Each structure stands twice: as structure tokens, then as C-alpha cells.
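Asker: My file is final_38.txt. It has compact mmCIF, C-alpha atoms:
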```txt
# COMPACT_ATOMS: atom_id res chain seq x y z
CA MET L 1312 126.83 218.46 71.49
CA ARG L 1313 127.92 216.52 68.46
CA LYS L 1314 131.38 216.10 69.89
CA LEU L 1315 129.92 214.72 73.08
CA LEU L 1316 127.81 212.20 71.18
CA ILE L 1317 130.73 210.94 69.13
CA SER L 1318 133.05 210.67 72.10
CA THR L 1319 130.37 208.79 74.06
CA ILE L 1320 129.95 206.29 71.23
CA VAL L 1321 133.69 205.82 70.88
CA LEU L 1322 134.11 205.37 74.60
CA PHE L 1323 131.22 202.89 74.73
CA THR L 1324 132.66 200.86 71.86
CA LEU L 1325 136.06 200.79 73.47
CA LEU L 1326 134.62 199.64 76.79
CA THR L 1327 132.61 196.89 75.09
CA MET L 1328 135.72 195.71 73.26
CA ILE L 1329 137.72 195.53 76.45
CA TYR L 1330 134.89 193.84 78.31
CA SER L 1331 134.29 191.18 75.66
CA CYS L 1332 137.96 190.49 75.34
CA GLN L 1333 138.72 187.44 77.46
CA SER L 1334 142.05 186.82 79.04
CA ALA L 1335 144.29 184.32 77.27
CA ASP L 1336 143.97 181.97 80.23
CA GLN L 1337 140.19 181.96 80.00
CA VAL L 1338 140.35 181.18 76.29
CA LYS L 1339 142.71 178.29 76.97
CA GLN L 1340 140.46 176.92 79.68
CA ASP L 1341 137.46 177.11 77.36
CA ILE L 1342 139.34 175.16 74.71
CA TYR L 1343 140.26 172.50 77.26
CA TYR L 1344 136.67 172.39 78.46
CA THR L 1345 135.21 171.91 74.99
CA ASN L 1346 137.71 169.23 73.99
CA GLY L 1347 137.25 167.61 77.37
CA ARG L 1348 133.52 167.36 76.75
CA ASP L 1349 134.14 165.40 73.54
CA TYR L 1350 136.39 162.96 75.38
CA TYR L 1351 133.92 162.72 78.24
CA ILE L 1352 131.12 161.71 75.86
CA LYS L 1353 133.40 159.14 74.24
CA TYR L 1354 135.04 157.56 77.27
CA CYS L 1355 133.17 158.46 80.46
CA GLN L 1356 129.52 159.14 79.72
CA ASN L 1357 128.32 155.54 79.34
CA CYS L 1358 128.99 154.89 83.03
CA HIS L 1359 128.95 158.32 84.65
CA GLY L 1360 126.01 159.68 82.67
CA ALA L 1361 125.38 162.75 80.54
CA LYS L 1362 124.75 164.87 83.62
CA GLY L 1363 127.47 163.22 85.72
CA GLU L 1364 124.72 161.47 87.67
CA GLY L 1365 126.48 158.06 87.83
CA LEU L 1366 124.65 154.73 87.58
CA GLY L 1367 123.06 153.29 90.69
CA ALA L 1368 125.77 151.93 92.96
CA LEU L 1369 127.76 150.75 89.93
CA ALA L 1370 129.33 154.06 88.90
CA PRO L 1371 129.65 157.07 91.22
CA PRO L 1372 128.25 160.48 90.27
CA LEU L 1373 130.69 163.31 89.52
CA THR L 1374 128.69 165.85 91.47
CA ASP L 1375 130.54 165.58 94.77
CA SER L 1376 132.46 168.85 94.61
CA VAL L 1377 134.17 168.26 97.94
CA PHE L 1378 135.55 164.87 96.89
CA LEU L 1379 136.69 166.23 93.53
CA LYS L 1380 138.39 169.17 95.18
CA GLU L 1381 140.16 167.10 97.84
CA ASN L 1382 141.32 164.50 95.34
CA LYS L 1383 142.15 166.78 92.43
CA GLN L 1384 145.76 165.61 92.29
CA LYS L 1385 144.59 162.00 92.00
CA LEU L 1386 141.98 162.47 89.28
CA ALA L 1387 144.49 162.14 86.43
CA CYS L 1388 145.76 158.85 87.91
CA TYR L 1389 142.21 157.53 88.33
CA ILE L 1390 141.54 158.12 84.65
CA LYS L 1391 144.87 156.83 83.37
CA ASN L 1392 145.23 153.74 85.57
CA GLY L 1393 141.66 152.98 86.54
CA MET L 1394 140.58 152.48 90.09
CA SER L 1395 139.89 149.45 92.24
CA GLU L 1396 139.86 150.92 95.74
CA ALA L 1397 136.47 151.59 97.31
CA ILE L 1398 135.42 155.23 97.58
CA THR L 1399 132.60 157.05 99.34
CA ILE L 1400 130.70 159.66 97.37
CA HIS L 1401 127.77 161.57 98.91
CA GLY L 1402 127.84 159.02 101.74
CA GLN L 1403 127.34 156.07 99.38
CA LYS L 1404 130.07 153.45 99.09
CA TYR L 1405 131.25 152.48 95.59
CA GLU L 1406 133.42 149.41 95.32
CA GLY L 1407 133.18 148.54 91.62
CA LYS L 1408 136.26 148.63 89.45
CA MET L 1409 136.83 151.55 87.10
CA PRO L 1410 138.64 150.56 83.90
CA ASP L 1411 141.94 152.18 82.96
CA PHE L 1412 142.41 154.45 79.94
CA GLN L 1413 146.09 153.90 79.18
CA THR L 1414 145.71 155.10 75.59
CA LEU L 1415 144.89 158.66 76.67
CA ALA L 1416 147.71 161.21 76.52
CA ALA L 1417 148.37 163.66 79.34
CA ILE L 1418 146.81 166.51 77.37
CA ASP L 1419 143.60 164.49 76.84
CA ILE L 1420 143.41 163.76 80.55
CA ALA L 1421 143.98 167.42 81.41
CA GLN L 1422 141.07 168.36 79.18
CA ILE L 1423 138.79 165.71 80.67
CA VAL L 1424 139.64 166.89 84.19
CA VAL L 1425 138.92 170.51 83.22
CA TYR L 1426 135.54 169.45 81.82
CA ILE L 1427 134.55 167.36 84.85
CA THR L 1428 135.75 169.84 87.46
CA ASN L 1429 133.87 172.67 85.75
CA SER L 1430 130.61 170.80 85.04
CA PHE L 1431 127.93 169.09 87.10
CA GLY L 1432 127.96 171.86 89.70
CA ASN L 1433 131.77 171.96 90.02
CA LYS L 1434 133.73 175.14 89.37
CA GLN L 1435 137.40 174.58 89.93
CA GLY L 1436 138.90 176.46 87.00
CA MET L 1437 141.96 175.49 85.04
CA TYR L 1438 144.04 172.32 85.26
CA THR L 1439 147.12 172.68 83.09
CA LEU L 1440 149.11 170.15 81.12
CA GLU L 1441 152.09 170.75 83.45
CA GLN L 1442 149.97 169.94 86.50
CA THR L 1443 148.67 166.83 84.79
CA SER L 1444 152.12 165.52 83.85
CA ASN L 1445 153.30 166.21 87.36
CA ASP L 1446 150.34 164.44 88.97
CA LEU L 1447 150.75 161.48 86.63
CA LYS L 1448 154.36 161.08 87.77
CA ASN L 1449 153.16 160.75 91.34
CA CYS L 1450 150.60 158.00 90.64
CA LYS L 1451 150.66 155.23 93.17
CA MET C 131 79.27 170.02 34.59
CA LYS C 132 81.70 167.17 34.63
CA LEU C 133 84.16 169.18 36.64
CA ASN C 134 81.51 170.39 39.04
CA PHE C 135 80.58 166.85 39.83
CA SER C 136 84.04 165.34 40.14
CA LEU C 137 85.48 168.01 42.38
CA PRO C 138 83.14 167.58 45.35
CA LEU C 139 83.25 163.84 44.84
CA SER C 140 87.00 163.65 45.01
CA PHE C 141 86.92 165.93 48.00
CA LEU C 142 84.47 163.60 49.71
CA PHE C 143 86.64 160.64 48.80
CA ALA C 144 89.72 162.28 50.27
CA LEU C 145 87.81 163.07 53.42
CA ALA C 146 86.70 159.46 53.72
CA ILE C 147 90.28 158.22 53.40
CA PHE C 148 91.44 160.80 55.88
CA ILE C 149 88.88 159.77 58.49
CA SER C 150 89.36 156.05 58.02
CA SER C 151 93.15 156.38 58.31
CA CYS C 152 92.68 158.17 61.59
CA GLN C 153 90.73 155.30 63.01
CA ASP C 154 93.37 152.72 62.19
CA THR C 155 94.80 151.52 65.46
CA LYS C 156 98.56 151.30 65.46
CA LYS C 157 99.95 147.80 65.54
CA LEU C 158 103.51 146.68 65.97
CA PRO C 159 105.00 144.47 63.25
CA ILE C 160 105.87 140.84 63.90
CA LEU C 161 109.57 140.38 63.25
CA GLY C 162 111.74 137.42 62.41
CA PRO C 163 111.40 134.53 59.96
CA ARG C 164 108.00 133.02 59.29
CA GLU C 165 106.55 130.20 57.28
CA ALA C 166 103.26 129.38 55.64
CA VAL C 167 101.58 126.13 56.60
CA SER C 168 98.42 124.50 55.31
CA VAL C 169 95.69 124.19 57.86
CA LYS C 170 92.24 122.66 57.82
CA ASN C 171 89.49 125.23 58.16
CA GLU C 172 86.40 124.67 60.26
CA ASP C 173 84.31 123.76 57.26
CA GLY C 174 86.80 121.11 56.20
CA SER C 175 88.42 123.05 53.33
CA MET C 176 92.18 123.65 53.30
CA GLY C 177 93.68 127.06 53.94
CA VAL C 178 97.04 128.67 54.55
CA ASP C 179 98.17 130.13 57.83
CA THR C 180 101.36 132.00 58.80
CA VAL C 181 103.48 130.59 61.57
CA TYR C 182 105.72 133.20 63.18
CA GLN C 183 108.95 132.43 64.89
CA THR C 184 108.66 132.30 68.65
CA ILE C 185 111.18 132.19 71.47
CA PRO C 186 111.73 128.50 72.25
CA ALA C 187 111.69 126.94 75.71
CA PHE C 188 114.65 127.89 77.88
CA ARG C 189 115.87 127.15 81.39
CA PHE C 190 118.40 129.42 83.07
CA LEU C 191 119.61 130.19 86.58
CA ASN C 192 118.53 133.65 87.70
CA GLN C 193 120.14 136.09 90.12
CA ASP C 194 118.61 134.20 93.04
CA SER C 195 120.10 130.90 91.84
CA VAL C 196 116.64 129.63 90.92
CA TYR C 197 115.95 128.00 87.57
CA ILE C 198 113.49 130.00 85.50
CA THR C 199 111.79 128.97 82.27
CA ASN C 200 109.36 130.51 79.80
CA ASP C 201 106.65 130.03 82.44
CA GLN C 202 108.04 133.01 84.29
CA PHE C 203 106.98 135.16 81.30
CA LYS C 204 103.63 133.51 80.64
CA ASP C 205 101.03 136.14 79.68
CA LYS C 206 103.60 138.91 80.05
CA ILE C 207 105.33 141.08 77.54
CA TYR C 208 109.01 141.39 78.18
CA ILE C 209 112.15 143.16 77.03
CA ALA C 210 115.19 140.93 76.54
CA ASP C 211 118.82 141.89 76.14
CA PHE C 212 122.34 140.45 76.29
CA PHE C 213 125.06 141.96 78.46
CA PHE C 214 127.79 141.12 80.96
CA THR C 215 128.54 142.69 84.31
CA SER C 216 132.15 143.70 83.66
CA CYS C 217 131.24 145.40 80.37
CA THR C 218 132.47 148.98 80.23
CA THR C 219 131.21 149.98 76.81
CA ILE C 220 127.55 149.83 75.82
CA CYS C 221 126.01 147.85 78.70
CA PRO C 222 125.93 150.66 81.28
CA THR C 223 124.05 152.86 78.80
CA MET C 224 121.66 150.04 77.85
CA HIS C 225 120.82 149.30 81.45
CA ARG C 226 120.56 152.97 82.37
CA ASN C 227 117.88 153.28 79.69
CA MET C 228 116.23 149.99 80.59
CA LYS C 229 116.10 151.06 84.23
CA THR C 230 114.19 154.19 83.23
CA ILE C 231 111.57 151.99 81.53
CA PHE C 232 111.64 149.63 84.52
CA GLU C 233 110.84 152.52 86.86
CA LYS C 234 108.09 153.74 84.55
CA TYR C 235 106.27 150.39 84.49
CA LYS C 236 107.12 149.39 88.04
CA ASN C 237 103.47 148.93 88.99
CA ASN C 238 102.43 147.10 85.83
CA PRO C 239 102.69 143.34 86.44
CA ASP C 240 102.40 142.63 82.68
CA VAL C 241 105.78 144.11 81.76
CA MET C 242 108.96 142.17 82.56
CA TYR C 243 112.66 142.28 81.72
CA LEU C 244 115.14 139.52 80.94
CA SER C 245 118.87 140.19 80.79
CA HIS C 246 121.11 137.31 79.70
CA THR C 247 124.76 137.43 80.59
CA ILE C 248 127.16 136.34 77.87
CA ASP C 249 130.08 136.07 80.30
CA PHE C 250 129.66 132.39 81.15
CA LYS C 251 133.00 132.31 82.95
CA TYR C 252 132.53 134.98 85.56
CA ASP C 253 128.88 136.10 85.80
CA LYS C 254 127.58 133.41 88.14
CA PRO C 255 124.22 134.09 89.87
CA SER C 256 125.92 135.67 92.90
CA VAL C 257 127.69 138.16 90.63
CA LEU C 258 124.42 138.91 88.84
CA LYS C 259 122.67 139.44 92.17
CA LYS C 260 125.28 141.96 93.24
CA TYR C 261 125.03 143.72 89.89
CA ALA C 262 121.22 143.93 90.12
CA GLN C 263 121.41 145.36 93.62
CA LYS C 264 123.96 147.93 92.57
CA LEU C 265 121.83 148.89 89.58
CA GLY C 266 119.02 149.43 92.08
CA VAL C 267 116.75 146.65 90.86
CA ASP C 268 114.93 144.27 93.18
CA GLY C 269 111.98 141.90 92.97
CA ASN C 270 111.43 139.42 90.17
CA LYS C 271 110.18 141.69 87.40
CA TRP C 272 113.70 142.01 86.04
CA GLN C 273 115.43 138.66 85.69
CA PHE C 274 119.19 138.44 85.20
CA VAL C 275 120.03 134.99 83.96
CA TYR C 276 123.07 132.80 83.60
CA GLY C 277 123.35 129.84 81.25
CA SER C 278 125.94 127.78 79.41
CA LYS C 279 127.71 129.51 76.54
CA ASP C 280 126.06 127.19 74.06
CA SER C 281 122.51 127.75 75.23
CA VAL C 282 122.72 131.53 75.64
CA TYR C 283 124.65 132.26 72.43
CA LYS C 284 122.36 130.05 70.34
CA LEU C 285 119.27 131.68 71.79
CA ALA C 286 120.71 135.13 71.13
CA GLU C 287 121.63 134.56 67.52
CA ARG C 288 118.91 132.21 66.33
CA ASN C 289 115.91 133.48 68.26
CA TYR C 290 116.40 136.99 69.57
CA LEU C 291 118.51 137.83 66.49
CA VAL C 292 121.23 139.55 68.54
CA ALA C 293 124.87 138.97 67.62
CA VAL C 294 127.06 137.96 70.56
CA MET C 295 130.55 136.52 70.64
CA GLU C 296 133.67 135.96 72.63
CA ASP C 297 136.54 138.06 71.35
CA THR C 298 139.95 137.88 72.95
CA THR C 299 141.09 140.99 71.09
CA ALA C 300 138.30 143.10 72.60
CA ARG C 301 139.15 144.98 75.75
CA ASP C 302 136.43 143.35 77.82
CA GLY C 303 136.69 139.91 76.19
CA TYR C 304 133.24 139.88 74.58
CA ILE C 305 131.44 141.83 71.92
CA HIS C 306 127.72 142.01 71.41
CA GLN C 307 124.93 144.14 70.01
CA GLY C 308 122.89 146.40 72.23
CA TRP C 309 119.39 145.53 71.05
CA LEU C 310 116.52 145.67 73.49
CA VAL C 311 114.13 143.07 72.07
CA LEU C 312 110.41 143.43 72.73
CA ILE C 313 108.58 140.10 73.07
CA ASP C 314 104.78 139.76 73.13
CA LYS C 315 102.55 137.36 75.06
CA GLN C 316 102.72 134.85 72.22
CA LYS C 317 106.51 134.85 72.51
CA ARG C 318 106.97 136.61 69.15
CA ILE C 319 109.46 139.43 68.47
CA ARG C 320 107.58 142.72 68.06
CA GLY C 321 110.43 145.19 68.08
CA ALA C 322 114.17 145.63 68.45
CA TYR C 323 115.59 148.93 69.70
CA ASP C 324 119.18 150.07 70.05
CA GLY C 325 119.53 150.39 73.83
CA THR C 326 122.27 152.99 73.46
CA ASP C 327 120.26 155.36 71.27
CA PRO C 328 117.96 157.68 73.26
CA LYS C 329 115.63 158.10 70.25
CA GLN C 330 115.08 154.37 69.83
CA VAL C 331 114.62 153.86 73.55
CA GLU C 332 112.01 156.63 73.42
CA GLN C 333 110.27 154.70 70.65
CA LEU C 334 110.33 151.55 72.78
CA THR C 335 108.74 153.47 75.63
CA LYS C 336 105.98 154.50 73.23
CA ASP C 337 105.56 151.01 71.77
CA ILE C 338 105.02 149.23 75.10
CA PRO C 339 101.50 150.68 75.64
CA VAL C 340 100.64 149.84 72.01
CA LEU C 341 101.58 146.20 72.58
CA LEU C 342 99.79 146.08 75.91
CA ALA C 343 96.61 147.52 74.35
CA GLU C 344 96.71 144.95 71.56
CA ASP C 345 96.63 142.05 73.98
CA LYS C 346 93.67 143.44 75.86
CA LYS C 347 91.34 142.97 72.89
```
Could you write out this file's structure as C-alpha cells?
Answerer:
Amino acid sequence: MRKLLISTIVLFTLLTMIYSCQSADQVKQDIYYTNGRDYYIKYCQNCHGAKGEGLGALAPPLTDSVFLKENKQKLACYIKNGMSEAITIHGQKYEGKMPDFQTLAAIDIAQIVVYITNSFGNKQGMYTLEQTSNDLKNCK
Amino acid sequence: MKLNFSLPLSFLFALAIFISSCQDTKKLPILGPREAVSVKNEDGSMGVDTVYQTIPAFRFLNQDSVYITNDQFKDKIYIADFFFTSCTTICPTMHRNMKTIFEKYKNNPDVMYLSHTIDFKYDKPSVLKKYAQKLGVDGNKWQFVYGSKDSVYKLAERNYLVAVMEDTTARDGYIHQGWLVLIDKQKRIRGAYDGTDPKQVEQLTKDIPVLLAEDKK
């Protein structure tokens, strides 16, 4: 009986340890997400809002998951070089100019993209530094 | 005996203070410089009165290309600020917060808003109109006005006590403070709130009814 009890406890502890142990990738994504949030508050929030709700027809919301998914390769370029082309989000046309953020490094942009694409109802997972550098090379 | 008498008395005294302090109606301070002038009382004797600084007469083009003056704000309280449409730093936050207040008092004709642009080169009335529409503001409760650099900058610094300036080293070309200035029906400054700070904007939202109640008496 005593043996059974001890082995159950040991087994339970082991299972809990394995369960609570996150994969290295998940840890990395969480770090990106948290850092990305800091950058978001500093550079993006004044126009796009604390909840990604945008500002009237001046700044688009970041809640359009379909747009963000379809344009994921372009997001890094939008942040780095700004944006002057008109876009349609949730059926509403936005034609204001978005300023560029040339001072941001690729890693900063990667973190911002991870934050945005995993907040405000989006859930796109990781966006690595390699992907970011690659996408930045292909900016128009 | 002495103690027995003083204890209930002091208790009574404290109670009296407590009750009277509760009845004090809250009043907003009057801000800005002031001066004392001698005035003649009704009975002919001389007395001293305080003259508070008021917002002087102005005349600006609004978003509909119509000249507006102080008359537009006669018998209204209003919130004034300084911004420019291409501003990417504090202005979006200020106007996001101001819009929330705007929506809250949409049906109260006594509350108005006055946004001055400090970008005298680019923010012509047509640009302001477009900006207002995009912000989702219509009607004449919220005026967006354009004026010469001289007139707007002087008004900002001398009367609304908001620092504004052109700065070629700044990213957007201008720098300014984000105060939302609360003006009463006598054109005096009754409050200044940082339009980028949610706590101070909250305070402004609370202070508007206080100011409105004061004028009703």
C-alpha cells in the first residue's frame, strides 16, 4: 500500500514536471511576444490603440486576422518603411500615411510582429528573426 | 470633571467640522495669472477685486472654411488643445481621449471642443475637414481651426499656457505639449489635463460636470 502511494506521488510529480515544461520554441516565442509588447506600446499604440482598435478612419485596427495572415510577409516592410498605399481593413478603406520606423532593427520588428499577430484575436504563432531578415530583403 | 466636559465637546466639534466639510461643493480652481484692481463699491467706498486672465478675442478659419470667433463659444464651456494632422506622436492619443469625451457629451449643447493646428504650412481647412471626418467627428461642436503661425502660437503660449514650436530636428517638424485646457463660460482657464495620460483624462471627465453645475447657480 505504502509502495503504491509513493510511486503514485512520484509518477504524478514527474508528469507535472513534463507537462509544465514548455518547448524551447514556445519559450522563445513568449520572449518575443513580451518584448514586442514593449515596443508596441512605445511605437504603435498611440495610433493603433491599446487593444489594436485603430483610430477612426485615421489608423486601421489590427484585428483583421485575414488581412494579417495574407500579408504576413509584408508586415515587416510596413513597419520598417512605413506605408502610403491605401488598404482595406474590415471593409473600410484607409488611405492615411503610416510613418516609417527606420531606426528599428530586424529583431525588434520580429518581436513586434509576433506581438501583433498573437494579440487582438490573432493567433499566428512564431515569426523568426530569419524570416524577418528575409522579408525585409524583399521589400518593395 | 474637566476631562468629562472637554471630551464630548471636542467630539461634537469634530462632528461639526466633519458635516460641514461634507457639504462643501467642489469647485474647480481658476488658473493663470491674475491681478488685483481697485473698484468702487455700491456704497461709494473703494474695494479690491481680482481680475482673472481670460482668453482674448480670436478669429480663425474652421474646418468648413468659415471664420469663427469667441462668439462661437459664448455661454459654453470648452476644451481647447493644439495639434497637427500629420503628427504621429502624442496627437492620436490626445484625440482618441478627446473623442471619448466628445461621445459622452454628444447631446449636451453646453460642451464644445476647439483644436488649433500648429502646422500653418499644410493644415489648411480642407485638410482639417478630412481629418475630422476620418476621426469620426461631424457637426460644429468640435471646431478644428487654422490660423497664422503668429496668432496661434501667441494664443497658445500666452493665453492657454501650452508650449508649441516649430522644430526642424523633430521627426514631424513641430513639437508641442499635449494639454487639454478646460475653459469656462467666462473664458477663464479652469483646468489643464495631459491628454496622453488616461488618469488625467479621467479627471477631466469628472471635472466637466462640476464646472457645468457651477454655472447653473
Asker: Need the neighbours of (98.8, 139.9, 87.6): which residues are at most 10 Å away, counting only C-alpha atoms, as a PyMOL selection string?
Answerer: chain C and resi 205-206+238-240
Asker: So that I can check the surroundings of segment 1363-1374 of chain L, please list as an NGL selection string every protein, DNA and RNA residue that reaches within 10 Å of it, counting only C-alpha atoms and ignoring chain neighbours fewer than 6 positions away.
Answerer: (:L and (1351 or 1355-1357 or 1398-1401 or 1403-1409 or 1427-1428 or 1430-1433)) or (:C and (215 or 222-223 or 225-226 or 229 or 260-267))
Asker: In Å, rounded to a single decimal, give me how far atom CA of Val1425 of chain L is from atom CA of Met1437 of chain L.
Answerer: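 Between atom CA of Met1437 of chain L and atom CA of Val1425 of chain L the gap is 6.1 Å.
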Asker: Could you name the residues that touch Glu1441 of chain L at 10 Å or less, counting only C-alpha atoms, but leaving out those on the same chain fewer than 5 positions away, as a VMD selection string?
Answerer: chain L and resid 1417 to 1418 1421 1446 to 1447
Asker: Looking at C:Pro159, C:Pro339, C:Gly325, C:Pro255, which one is nearest to chain L, with distances taken over only C-alpha atoms?
Answerer: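 Closest residue, counting only C-alpha atoms: C:Gly325.
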Asker: When distances are computed from all atoms listed in the file, which of L:Pro1410, L:Gly1393, L:Gly1436, L:Gly1347 shows the smallest separation from chain C?
Answerer: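 Checking each of L:Pro1410, L:Gly1393, L:Gly1436, L:Gly1347 against chain C, counting all atoms listed in the file, the winner is L:Pro1410.
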Asker: List the spatial neighbours of Lys1383 of chain L as a VMD selection string - criterion: any atom at most 10 Å away, all atoms listed in the file, same-chain residues fewer than 4 positions off excluded.
Answerer: chain L and resid 1377 to 1379 1387 to 1388 1424 1428 1435 1438 1446
Asker: Take every atom of segment 169-185 of chain C listed in the file, pad by 8 Å on each side, and give me the axis-aligned box centre and edge lengths in Å, one decimal, as lines of an AutoDock Vina configuration file.
Answerer:
```
center_x = 97.7
center_y = 127.2
center_z = 62.4
size_x = 42.9
size_y = 28.1
size_z = 34.2
```
Asker: Would you work out the distance separating atom CA of Phe203 of chain C from atom CA of Arg164 of chain C, expressed in Å to one decimal?
Answerer: 22.1 Å
Asker: So what do you get for atom CA of Ile160 of chain C versus atom CA of Arg320 of chain C, distance-wise?
Answerer: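 Value for the atom CA of Ile160 of chain C-atom CA of Arg320 of chain C distance: 4.9 Å.
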Asker: Ranking L:Asp1411, L:Asp1349, L:Asp1419, L:Glu1381 by minimum distance to chain C and counting all atoms listed in the file, which one comes first?
Answerer: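 Smallest distance to chain C is found for L:Asp1411.
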Asker: Given the choices C:Leu161, C:Val257, C:Leu139, C:Leu145, which gets closest to chain L if the distance is worked out from only C-alpha atoms?
Answerer: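 Closest to chain L of all the choices is C:Val257.
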Asker: Using only C-alpha atoms, can you tell me which of C:Asp337, C:Asp327, C:Glu332, C:Asp280 comes closest to chain L?
Answerer: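 Nearest candidate to chain L out of C:Asp337, C:Asp327, C:Glu332, C:Asp280: C:Asp327.
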